[in-house]
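Structure file entry-v3.txt (compact mmCIF, C-alpha atoms) is printed below.
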# COMPACT_ATOMS: atom_id res chain seq x y z
CA MET A 1118 15.07 27.66 -16.39
CA MET A 1119 18.39 27.06 -14.64
CA ASN A 1120 19.65 28.75 -11.50
CA VAL A 1121 23.42 28.38 -11.34
CA PHE A 1122 25.26 29.00 -8.06
CA THR A 1123 29.00 29.56 -8.40
CA LYS A 1124 31.66 30.21 -5.77
CA TYR A 1125 33.66 33.39 -6.26
CA ASN A 1126 36.13 34.98 -3.78
CA GLY A 1127 34.48 33.34 -0.76
CA MET A 1128 31.01 34.32 -1.95
CA VAL A 1129 28.29 32.49 -3.84
CA VAL A 1130 26.75 34.14 -6.88
CA ARG A 1131 23.43 33.12 -8.39
CA LYS A 1132 22.66 33.46 -12.08
CA SER A 1133 19.34 32.66 -13.72
CA ILE A 1134 20.16 31.26 -17.14
CA GLN A 1135 17.61 31.02 -19.91
CA MET A 1136 19.92 29.72 -22.65
CA VAL A 1137 22.09 26.66 -22.09
CA GLU A 1138 25.01 28.22 -23.96
CA ALA A 1139 25.38 30.83 -21.24
CA ILE A 1140 26.62 28.24 -18.77
CA GLN A 1141 29.73 27.38 -20.75
CA GLY A 1142 31.94 30.03 -19.16
CA GLU A 1143 30.94 29.17 -15.58
CA SER A 1144 33.54 27.57 -13.30
CA ASP A 1145 33.71 26.47 -9.66
CA ILE A 1146 30.00 25.62 -9.73
CA LEU A 1147 28.29 24.65 -6.45
CA TRP A 1148 24.72 24.00 -7.53
CA ILE A 1149 22.67 23.88 -10.72
CA ASP A 1150 18.94 23.98 -10.03
CA LEU A 1151 16.80 23.04 -13.03
CA LEU A 1152 13.20 24.21 -12.62
CA HIS A 1153 10.80 23.02 -15.34
CA PRO A 1154 13.79 22.15 -17.54
CA SER A 1155 13.41 21.87 -21.28
CA ILE A 1156 14.66 18.88 -23.28
CA GLN A 1157 17.54 21.02 -24.55
CA GLU A 1158 18.60 21.90 -20.98
CA ILE A 1159 18.44 18.27 -19.86
CA THR A 1160 20.41 17.15 -22.91
CA TYR A 1161 23.06 19.83 -22.45
CA ILE A 1162 23.59 19.13 -18.75
CA SER A 1163 23.73 15.38 -19.39
CA LYS A 1164 26.39 15.71 -22.10
CA THR A 1165 28.45 18.42 -20.42
CA TYR A 1166 28.68 16.77 -17.01
CA LEU A 1167 28.33 13.14 -18.16
CA LEU A 1168 25.15 12.61 -16.16
CA ASP A 1169 22.41 10.05 -16.63
CA ILE A 1170 19.38 12.19 -15.71
CA PRO A 1171 16.31 9.99 -15.08
CA THR A 1172 13.34 10.27 -17.41
CA LYS A 1173 9.87 11.11 -16.09
CA GLU A 1174 8.95 7.42 -15.99
CA GLU A 1175 12.15 6.50 -14.15
CA ARG A 1176 11.59 9.30 -11.64
CA GLU A 1177 8.21 7.84 -10.62
CA GLU A 1178 9.29 4.21 -10.21
CA ILE A 1179 9.00 3.00 -6.62
CA GLU A 1180 11.66 0.27 -6.59
CA GLU A 1181 14.49 0.99 -4.17
CA SER A 1182 17.03 0.71 -6.97
CA SER A 1183 15.16 3.44 -8.85
CA ARG A 1184 15.05 5.81 -5.88
CA TYR A 1185 18.79 5.74 -5.13
CA TRP A 1186 21.85 4.57 -7.00
CA GLU A 1187 25.47 5.59 -7.37
CA ASN A 1188 28.56 4.80 -9.37
CA SER A 1189 32.18 5.84 -9.03
CA ASP A 1190 31.43 9.48 -9.89
CA THR A 1191 27.73 10.16 -9.37
CA VAL A 1192 25.01 9.75 -6.77
CA THR A 1193 21.42 9.88 -8.04
CA ILE A 1194 18.41 10.29 -5.76
CA ASN A 1195 14.71 10.41 -6.62
CA THR A 1196 12.67 11.37 -3.59
CA TYR A 1197 9.27 12.78 -2.68
CA PHE A 1198 8.77 16.37 -1.58
CA LEU A 1199 5.37 17.55 -0.38
CA THR A 1200 3.59 20.30 -2.22
CA ARG A 1201 0.09 21.78 -2.53
CA PRO A 1202 -0.73 21.79 -6.25
CA ASN A 1203 -4.20 23.34 -5.92
CA GLU A 1204 -6.27 25.63 -3.76
CA GLU A 1205 -7.88 22.73 -1.87
CA ASN A 1206 -4.87 22.66 0.45
CA ILE A 1207 -4.39 18.91 -0.06
CA LEU A 1208 -0.81 17.69 0.20
CA HIS A 1209 0.65 15.94 -2.81
CA ASN A 1210 3.98 14.18 -3.30
CA GLU A 1211 6.12 15.43 -6.17
CA THR A 1212 9.36 13.67 -7.14
CA VAL A 1213 12.54 15.75 -7.02
CA THR A 1214 15.76 14.41 -8.55
CA PHE A 1215 19.13 15.10 -6.92
CA LEU A 1216 22.40 14.30 -8.69
CA LEU A 1217 25.81 14.72 -7.05
CA SER A 1218 28.80 14.67 -9.34
CA HIS A 1219 32.29 16.00 -8.61
CA ASN A 1220 30.90 17.82 -5.53
CA ILE A 1221 28.34 19.70 -7.67
CA LEU A 1222 24.66 19.34 -6.80
CA PHE A 1223 22.15 19.12 -9.66
CA THR A 1224 18.43 19.30 -8.86
CA VAL A 1225 15.65 18.58 -11.33
CA ARG A 1226 12.15 19.60 -10.32
CA TYR A 1227 8.85 20.48 -11.96
CA SER A 1228 7.16 22.30 -9.10
CA GLU A 1229 7.86 25.29 -6.91
CA PHE A 1230 8.99 24.44 -3.38
CA ARG A 1231 9.44 26.92 -0.57
CA VAL A 1232 12.30 24.78 0.74
CA PHE A 1233 14.38 25.52 -2.35
CA ASP A 1234 13.70 29.24 -2.12
CA GLU A 1235 14.82 29.27 1.52
CA ILE A 1236 17.94 27.21 0.82
CA GLN A 1237 18.91 29.53 -2.01
CA GLN A 1238 18.67 32.47 0.35
CA ARG A 1239 20.79 30.65 2.93
CA VAL A 1240 23.44 29.81 0.36
CA LEU A 1241 23.71 33.44 -0.69
CA ALA A 1242 23.67 34.72 2.90
CA SER A 1243 26.07 32.15 4.45
CA PRO A 1244 28.27 30.75 1.67
CA LYS A 1245 30.84 29.39 4.16
CA ASN A 1246 28.32 26.80 5.36
CA PHE A 1247 28.08 25.29 1.88
CA GLU A 1248 31.43 23.97 0.70
CA ASP A 1249 30.09 21.44 -1.79
CA GLY A 1250 26.97 19.71 -3.06
CA TYR A 1251 26.86 17.30 -0.12
CA ASP A 1252 26.56 20.20 2.31
CA LEU A 1253 23.72 21.51 0.18
CA ILE A 1254 21.74 18.30 -0.03
CA SER A 1255 22.05 17.64 3.71
CA LYS A 1256 20.72 21.14 4.45
CA ILE A 1257 17.89 20.69 1.95
CA PHE A 1258 16.83 17.44 3.62
CA GLU A 1259 17.19 19.01 7.05
CA LEU A 1260 14.92 21.92 6.14
CA ARG A 1261 12.41 19.66 4.39
CA VAL A 1262 12.17 17.41 7.45
CA GLU A 1263 11.58 20.50 9.63
CA LYS A 1264 8.72 21.50 7.31
CA ASP A 1265 7.33 17.95 7.46
CA ALA A 1266 7.41 18.13 11.27
CA ASP A 1267 5.42 21.38 11.16
CA ILE A 1268 2.86 19.78 8.84
CA LEU A 1269 2.59 16.76 11.14
CA GLU A 1270 1.99 19.02 14.13
CA GLY A 1271 -0.80 20.71 12.21
CA ILE A 1272 -2.38 17.36 11.33
CA ALA A 1273 -2.18 16.27 14.98
CA LYS A 1274 -3.89 19.48 16.10
CA GLN A 1275 -6.67 19.05 13.54
CA THR A 1276 -7.06 15.42 14.64
CA LYS A 1277 -7.79 16.51 18.22
CA GLU A 1278 -10.36 19.02 16.98
CA LEU A 1279 -11.90 16.35 14.75
CA ARG A 1280 -12.33 13.97 17.66
CA THR A 1281 -14.29 16.63 19.56
CA ALA A 1282 -16.46 17.41 16.54
CA ILE A 1283 -17.76 13.82 16.45
CA PHE A 1284 -19.80 14.38 19.58
CA GLU A 1285 -21.20 17.67 18.28
CA ARG A 1286 -23.23 15.76 15.68
CA LYS A 1287 -21.42 17.06 12.62
CA GLU A 1288 -21.03 13.69 10.93
CA SER A 1289 -20.95 14.94 7.33
CA GLU A 1290 -18.30 17.57 8.10
CA VAL A 1291 -16.26 15.13 10.16
CA LEU A 1292 -16.32 12.50 7.42
CA ALA A 1293 -15.06 14.96 4.78
CA LYS A 1294 -12.28 16.26 7.05
CA LEU A 1295 -11.37 12.74 8.14
CA SER A 1296 -10.90 11.59 4.55
CA LYS A 1297 -8.78 14.66 3.75
CA MET A 1298 -6.58 14.22 6.81
CA GLN A 1299 -6.04 10.53 6.12
CA VAL A 1300 -4.82 11.40 2.61
CA MET A 1301 -2.54 14.12 4.03
CA ASN A 1302 -1.11 11.79 6.67
CA LEU A 1303 -0.48 9.02 4.12
CA SER A 1304 1.22 11.46 1.73
CA LEU A 1305 3.42 12.73 4.53
CA ARG A 1306 4.33 9.21 5.62
CA ASP A 1307 5.20 8.19 2.04
CA SER A 1308 7.38 11.28 1.74
CA LEU A 1309 9.17 10.48 5.02
CA PHE A 1310 9.71 6.84 4.00
CA ASP A 1311 11.23 7.97 0.72
CA LYS A 1312 13.55 10.51 2.36
CA ARG A 1313 14.58 7.96 4.99
CA LEU A 1314 15.73 5.66 2.21
CA ALA A 1315 17.74 8.45 0.56
CA VAL A 1316 19.35 9.68 3.79
CA ALA A 1317 20.21 6.15 4.95
CA ALA A 1318 21.85 5.46 1.59
CA LEU A 1319 23.80 8.73 1.69
CA LEU A 1320 25.15 7.77 5.09
CA LYS A 1321 26.76 4.70 3.52
CA THR A 1322 28.47 6.49 0.65
CA ASN A 1323 32.18 7.26 0.92
CA LYS A 1324 31.79 10.45 -1.10
CA ALA A 1325 30.43 12.59 1.77
CA ASP A 1326 32.66 13.91 4.54
CA LEU A 1327 32.23 13.19 8.27
CA GLU A 1328 30.51 16.50 9.04
CA VAL A 1329 27.86 15.87 6.38
CA LYS A 1330 27.33 12.31 7.63
CA LYS A 1331 26.95 13.58 11.18
CA ASN A 1332 24.22 15.96 10.04
CA LEU A 1333 22.57 13.21 7.98
CA GLY A 1334 22.59 10.95 11.05
CA ILE A 1335 20.64 13.57 13.00
CA ILE A 1336 18.22 13.98 10.11
CA LEU A 1337 17.68 10.21 9.97
CA LYS A 1338 16.80 10.13 13.68
CA ASP A 1339 14.32 12.97 13.16
CA ILE A 1340 12.75 11.16 10.21
CA ASN A 1341 12.38 7.96 12.22
CA SER A 1342 10.64 9.83 15.04
CA LEU A 1343 8.31 11.54 12.56
CA VAL A 1344 7.49 8.20 10.92
CA GLU A 1345 6.47 6.84 14.32
CA TYR A 1346 4.37 9.95 14.89
CA THR A 1347 2.60 9.49 11.55
CA ASN A 1348 1.83 5.87 12.48
CA VAL A 1349 0.36 7.01 15.80
CA ASN A 1350 -1.60 9.72 14.04
CA MET A 1351 -2.95 7.21 11.53
CA ASN A 1352 -4.11 4.98 14.39
CA VAL A 1353 -5.87 7.95 15.97
CA LEU A 1354 -7.57 8.76 12.66
CA ASP A 1355 -8.67 5.12 12.35
CA ASN A 1356 -10.02 5.33 15.89
CA ILE A 1357 -11.94 8.49 14.99
CA GLN A 1358 -13.39 6.70 11.97
CA THR A 1359 -14.51 3.86 14.25
CA LEU A 1360 -16.04 6.33 16.71
CA LEU A 1361 -17.82 8.08 13.86
CA ALA A 1362 -19.23 4.79 12.58
CA ASN A 1363 -20.39 3.90 16.10
CA GLN A 1364 -21.95 7.33 16.52
CA ILE A 1365 -23.86 6.93 13.25
CA ASN A 1366 -24.99 3.44 14.31
CA ILE A 1367 -26.23 4.81 17.64
CA GLU A 1368 -28.19 7.54 15.88
CA GLN A 1369 -29.67 5.01 13.47
CA ASN A 1370 -30.58 2.69 16.35
CA LYS A 1371 -32.36 5.58 18.10
CA ILE A 1372 -34.40 6.25 14.98
CA ILE A 1373 -35.21 2.55 14.53
CA LYS A 1374 -36.19 2.32 18.22
CA LEU A 1375 -38.49 5.32 17.85
CA PHE A 1376 -40.19 3.85 14.81
CA THR A 1377 -40.52 0.51 16.61
CA VAL A 1378 -42.18 2.13 19.62
CA VAL A 1379 -44.53 4.10 17.40
CA THR A 1380 -45.42 0.95 15.47
CA VAL A 1381 -46.10 -1.05 18.65
CA ALA A 1382 -48.13 1.83 20.17
CA MET A 1383 -50.29 2.06 17.05
CA MET A 1384 -51.03 -1.65 16.87
CA PRO A 1385 -53.93 -1.71 19.43
CA PRO A 1386 -55.84 1.22 17.87
CA THR A 1387 -55.17 -0.25 14.43
CA LEU A 1388 -56.66 -3.56 15.58
CA ILE A 1389 -59.73 -1.78 17.00
CA ALA A 1390 -60.21 0.25 13.82
CA THR A 1391 -59.84 -2.93 11.75
CA ILE A 1392 -62.47 -4.76 13.76
CA TYR A 1393 -65.02 -1.99 13.49
CA GLY A 1394 -64.19 -1.43 9.87
CA MET A 1395 -65.57 -4.86 8.94
CA ASN A 1396 -68.85 -4.75 7.04
CA PHE A 1397 -70.91 -7.32 8.95
CA GLN A 1398 -74.65 -6.76 9.22
CA HIS A 1399 -75.04 -7.80 12.86
CA MET A 1400 -72.65 -5.74 14.98
CA PRO A 1401 -74.44 -4.67 18.17
CA GLU A 1402 -71.99 -1.83 18.89
CA LEU A 1403 -73.10 -0.03 15.73
CA GLU A 1404 -76.50 0.65 17.32
CA TRP A 1405 -75.13 2.21 20.50
CA ALA A 1406 -75.65 5.93 20.83
CA TYR A 1407 -72.12 6.61 22.11
CA SER A 1408 -70.24 3.85 20.34
CA TYR A 1409 -68.17 6.26 18.20
CA PRO A 1410 -66.68 8.37 21.04
CA ILE A 1411 -66.22 5.24 23.17
CA VAL A 1412 -64.21 3.53 20.44
CA LEU A 1413 -62.15 6.69 19.88
CA ALA A 1414 -61.41 6.92 23.60
CA VAL A 1415 -60.38 3.26 23.73
CA MET A 1416 -58.07 3.78 20.73
CA ILE A 1417 -56.42 6.82 22.38
CA VAL A 1418 -55.96 5.01 25.70
CA SER A 1419 -54.55 1.94 23.95
CA THR A 1420 -51.99 4.21 22.25
CA ILE A 1421 -50.95 6.06 25.39
CA LEU A 1422 -50.56 2.99 27.63
CA PRO A 1423 -47.68 1.37 25.62
CA ILE A 1424 -45.85 4.71 25.46
CA VAL A 1425 -46.14 5.15 29.24
CA TYR A 1426 -44.93 1.58 29.73
CA PHE A 1427 -41.91 2.11 27.43
CA LYS A 1428 -40.94 5.28 29.30
CA LYS A 1429 -41.08 3.50 32.64
CA LYS A 1430 -38.79 0.84 31.22
CA LYS A 1431 -36.54 3.66 29.89
CA TRP A 1432 -36.81 2.40 26.34
CA LEU A 1433 -37.55 5.94 25.18
Go ahead and express the file in the form of structure tokens.
Amino acid sequence: MMNVFTKYNGMVVRKSIQMVEAIQGESDILWIDLLHPSIQEITYISKTYLLDIPTKEEREEIEESSRYWENSDTVTINTYFLTRPNEENILHNETVTFLLSHNILFTVRYSEFRVFDEIQQRVLASPKNFEDGYDLISKIFELRVEKDADILEGIAKQTKELRTAIFERKESEVLAKLSKMQVMNLSLRDSLFDKRLAVAALLKTNKADLEVKKNLGIILKDINSLVEYTNVNMNVLDNIQTLLANQINIEQNKIIKLFTVVTVAMMPPTLIATIYGMNFQHMPELEWAYSYPIVLAVMIVSTILPIVYFKKKKWL
């Protein structure tokens, strides 16, 4: 499906087009948003506007030359946008393609993004703020970075809660949350790195006006600060992982110490029981009237004495 935004008498009109032929009569186009485009739609847009739209494989390549390139007429950007593809609330990076040609913005995406819905509403509500495609893409990046900052704040808040949970002996829950948050933080950092590359490259192009570049410069500063924040957050998560490992080791050492004390305490009575369990014919103690309770008493005392000694030494 294609959403086509055209300028008309100082206003911007949106049309949702199902058939590619319906776009032929459109003029003064500001933005063409292709959501889950078909092969026919991609082919038509490519031929009509002389665009080289990246294939799925090209969109996912990580080389810098595959994330941003431009020629005399067109700027092409492949960059990550965060999304939640399932109900597990785990962030995932999805590639969105931006093409700028003759001041028209073309976007190719295969997922729903709240950012695009909000930008579309802004375009319709305040058309004077969007003179061309460069205004649009700068506002899209600006809003996306704001959303990334909100996500990062949420991760930081959860990180503080996670650090407290370590000392509440919830190791299994902490480990699961820790793994999830590390994945979220890494996805966010990858997304910020990718957008930083795109924004920095846009700042160098001579196709955007000074106002757009000024806005992009502010966005780049925000991205850099968020990247630093993600690095700090990753260090905190690593520290939590270390604390968790130490906590588990301490608990294991306590268990091993307990078993060691029990083993040492049981050695004297075990020795006594072993001696009197030998089947020798001449053992004078066997003929004593009170030999059995005496031996039992000695075994009990020999068990208690090591435990008392360990407690005095504060080994228990």
Hey, what's within 10 Å of A:Glu1248 if we count all atoms listed in the file and toss same-chain stuff fewer than 3 positions away? As a ChimeraX atom specification, please?
/A:1124,1127,1147,1220-1221,1240,1244-1245,1251-1253
Output the selection as a PDB file, keeping the file's coordinate frame - C-alpha atoms for each residue.
ATOM      1  CA  LYS A1124      31.660  30.210  -5.770  1.00  0.00           C
ATOM      2  CA  GLY A1127      34.480  33.340  -0.760  1.00  0.00           C
ATOM      3  CA  LEU A1147      28.290  24.650  -6.450  1.00  0.00           C
ATOM      4  CA  ASN A1220      30.900  17.820  -5.530  1.00  0.00           C
ATOM      5  CA  ILE A1221      28.340  19.700  -7.670  1.00  0.00           C
ATOM      6  CA  VAL A1240      23.440  29.810   0.360  1.00  0.00           C
ATOM      7  CA  PRO A1244      28.270  30.750   1.670  1.00  0.00           C
ATOM      8  CA  LYS A1245      30.840  29.390   4.160  1.00  0.00           C
ATOM      9  CA  TYR A1251      26.860  17.300  -0.120  1.00  0.00           C
ATOM     10  CA  ASP A1252      26.560  20.200   2.310  1.00  0.00           C
ATOM     11  CA  LEU A1253      23.720  21.510   0.180  1.00  0.00           C
TER      12      LEU A1253
END
Considering all atoms listed in the file, return as a short mmCIF file (atom, residue, chain, number, x, y, z; two decimals) with C-alpha atoms, in the coordinates of the input whatever protein or nucleic-acid residues lie within 9 Å of A:Ser1218, sequence-local ones (same chain, fewer than 5 positions apart) excluded.
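Once everything was written out, this is result.cif:
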data_model
loop_
_atom_site.label_atom_id
_atom_site.label_comp_id
_atom_site.auth_asym_id
_atom_site.auth_seq_id
_atom_site.Cartn_x
_atom_site.Cartn_y
_atom_site.Cartn_z
CA TYR A 1166 28.68 16.77 -17.01
CA LEU A 1167 28.33 13.14 -18.16
CA LEU A 1168 25.15 12.61 -16.16
CA ASP A 1190 31.43 9.48 -9.89
CA THR A 1191 27.73 10.16 -9.37
CA VAL A 1192 25.01 9.75 -6.77
CA THR A 1193 21.42 9.88 -8.04
CA PHE A 1223 22.15 19.12 -9.66
CA GLY A 1250 26.97 19.71 -3.06
#
Between A:Lys1374, A:Arg1313, A:Arg1280, A:Arg1239, which is the closest to A:Val1130 once you count only C-alpha atoms?
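Going through A:Lys1374, A:Arg1313, A:Arg1280, A:Arg1239 one by one, the smallest distance to A:Val1130 is for A:Arg1239.
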Nearest to A:Glu1259, chosen from A:Glu1158, A:Asp1307, A:Glu1175, A:Glu1235, with only C-alpha atoms counted in the distances:
A:Glu1235
Report, in Å to a single decimal, how far apart atom CA of A:Val1225 and atom CA of A:Ser1163 are.
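Computing it gives 11.9 Å between the two atoms.
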Which residue gives the smallest distance to A:Ser1308 among A:Asn1352, A:Thr1377, A:Gln1238, A:Thr1347, with only C-alpha atoms counted?
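Checking each candidate against A:Ser1308, we get A:Thr1347 as the closest.
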Using all atoms listed in the file, determine which residues lie at most 7 Å from stretch 1415-1425 of chain A, disregarding the query and same-chain residues fewer than 5 positions distant; provide the list as a list in words.
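Once the nearby chain positions are removed, what remains is Ala1382, Met1383, Pro1385, Pro1386 and Ile1389 of chain A.
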Determine the nearest neighbour of A:Asn1323 from the options A:Asn1188, A:Thr1160, A:Tyr1125, A:Ser1144, counting all atoms listed in the file.
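For A:Asn1323, the nearest of the candidates is A:Asn1188.
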Using only C-alpha atoms, which residue out of A:Ile1254, A:Ile1335, A:Ala1273, A:Val1232 lies closest to A:Met1301?
A:Ala1273
Residue neighbourhood A:Leu1319, 12 Å, only C-alpha atoms, exclusion window fewer than 6 positions, as a VMD selection string:
chain A and resid 1184 to 1187 1191 to 1194 1215 to 1217 1251 to 1252 1254 to 1255 1258 1312 to 1313 1325 to 1327 1329 to 1334 1336 to 1337
For the selection you just gave me, I'd like the residues written to a file as a CSV table (one decimal), in the frame of the given file, keeping C-alpha atoms.
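Writing the result to out_22.csv gives the following:
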chain,number,residue,atom,x,y,z
A,1184,ARG,CA,15.0,5.8,-5.9
A,1185,TYR,CA,18.8,5.7,-5.1
A,1186,TRP,CA,21.8,4.6,-7.0
A,1187,GLU,CA,25.5,5.6,-7.4
A,1191,THR,CA,27.7,10.2,-9.4
A,1192,VAL,CA,25.0,9.8,-6.8
A,1193,THR,CA,21.4,9.9,-8.0
A,1194,ILE,CA,18.4,10.3,-5.8
A,1215,PHE,CA,19.1,15.1,-6.9
A,1216,LEU,CA,22.4,14.3,-8.7
A,1217,LEU,CA,25.8,14.7,-7.0
A,1251,TYR,CA,26.9,17.3,-0.1
A,1252,ASP,CA,26.6,20.2,2.3
A,1254,ILE,CA,21.7,18.3,0.0
A,1255,SER,CA,22.0,17.6,3.7
A,1258,PHE,CA,16.8,17.4,3.6
A,1312,LYS,CA,13.6,10.5,2.4
A,1313,ARG,CA,14.6,8.0,5.0
A,1325,ALA,CA,30.4,12.6,1.8
A,1326,ASP,CA,32.7,13.9,4.5
A,1327,LEU,CA,32.2,13.2,8.3
A,1329,VAL,CA,27.9,15.9,6.4
A,1330,LYS,CA,27.3,12.3,7.6
A,1331,LYS,CA,27.0,13.6,11.2
A,1332,ASN,CA,24.2,16.0,10.0
A,1333,LEU,CA,22.6,13.2,8.0
A,1334,GLY,CA,22.6,11.0,11.0
A,1336,ILE,CA,18.2,14.0,10.1
A,1337,LEU,CA,17.7,10.2,10.0
With distances taken over only C-alpha atoms, which residue among A:Leu1388, A:Ala1406, A:Leu1269, A:Leu1241 lies nearest A:Arg1131?
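Among A:Leu1388, A:Ala1406, A:Leu1269, A:Leu1241, it is A:Leu1241 that comes nearest to A:Arg1131.
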So how many Å separate atom CA of A:Thr1224 and atom CA of A:Lys1264, to one decimal?
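Separation of atom CA of A:Thr1224 and atom CA of A:Lys1264: 19.0 Å.
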Atom CA of A:Ala1266 and atom CA of A:Phe1198 are how many Å apart?
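Going from atom CA of A:Ala1266 over to atom CA of A:Phe1198, I get 13.0 Å.
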Can you pull out the residues contacting A:Thr1212? Cut-off 8 Å, using only C-alpha atoms, and skip same-chain residues under 3 positions away; I want them as number ranges by chain.
A: 1176-1177, 1195-1198, 1226
Once you have the residues from the selection above, write them out as a PDB file, in the coordinates of the input, restricted to C-alpha atoms.
ATOM      1  CA  ARG A1176      11.590   9.300 -11.640  1.00  0.00           C
ATOM      2  CA  GLU A1177       8.210   7.840 -10.620  1.00  0.00           C
ATOM      3  CA  ASN A1195      14.710  10.410  -6.620  1.00  0.00           C
ATOM      4  CA  THR A1196      12.670  11.370  -3.590  1.00  0.00           C
ATOM      5  CA  TYR A1197       9.270  12.780  -2.680  1.00  0.00           C
ATOM      6  CA  PHE A1198       8.770  16.370  -1.580  1.00  0.00           C
ATOM      7  CA  ARG A1226      12.150  19.600 -10.320  1.00  0.00           C
TER       8      ARG A1226
END
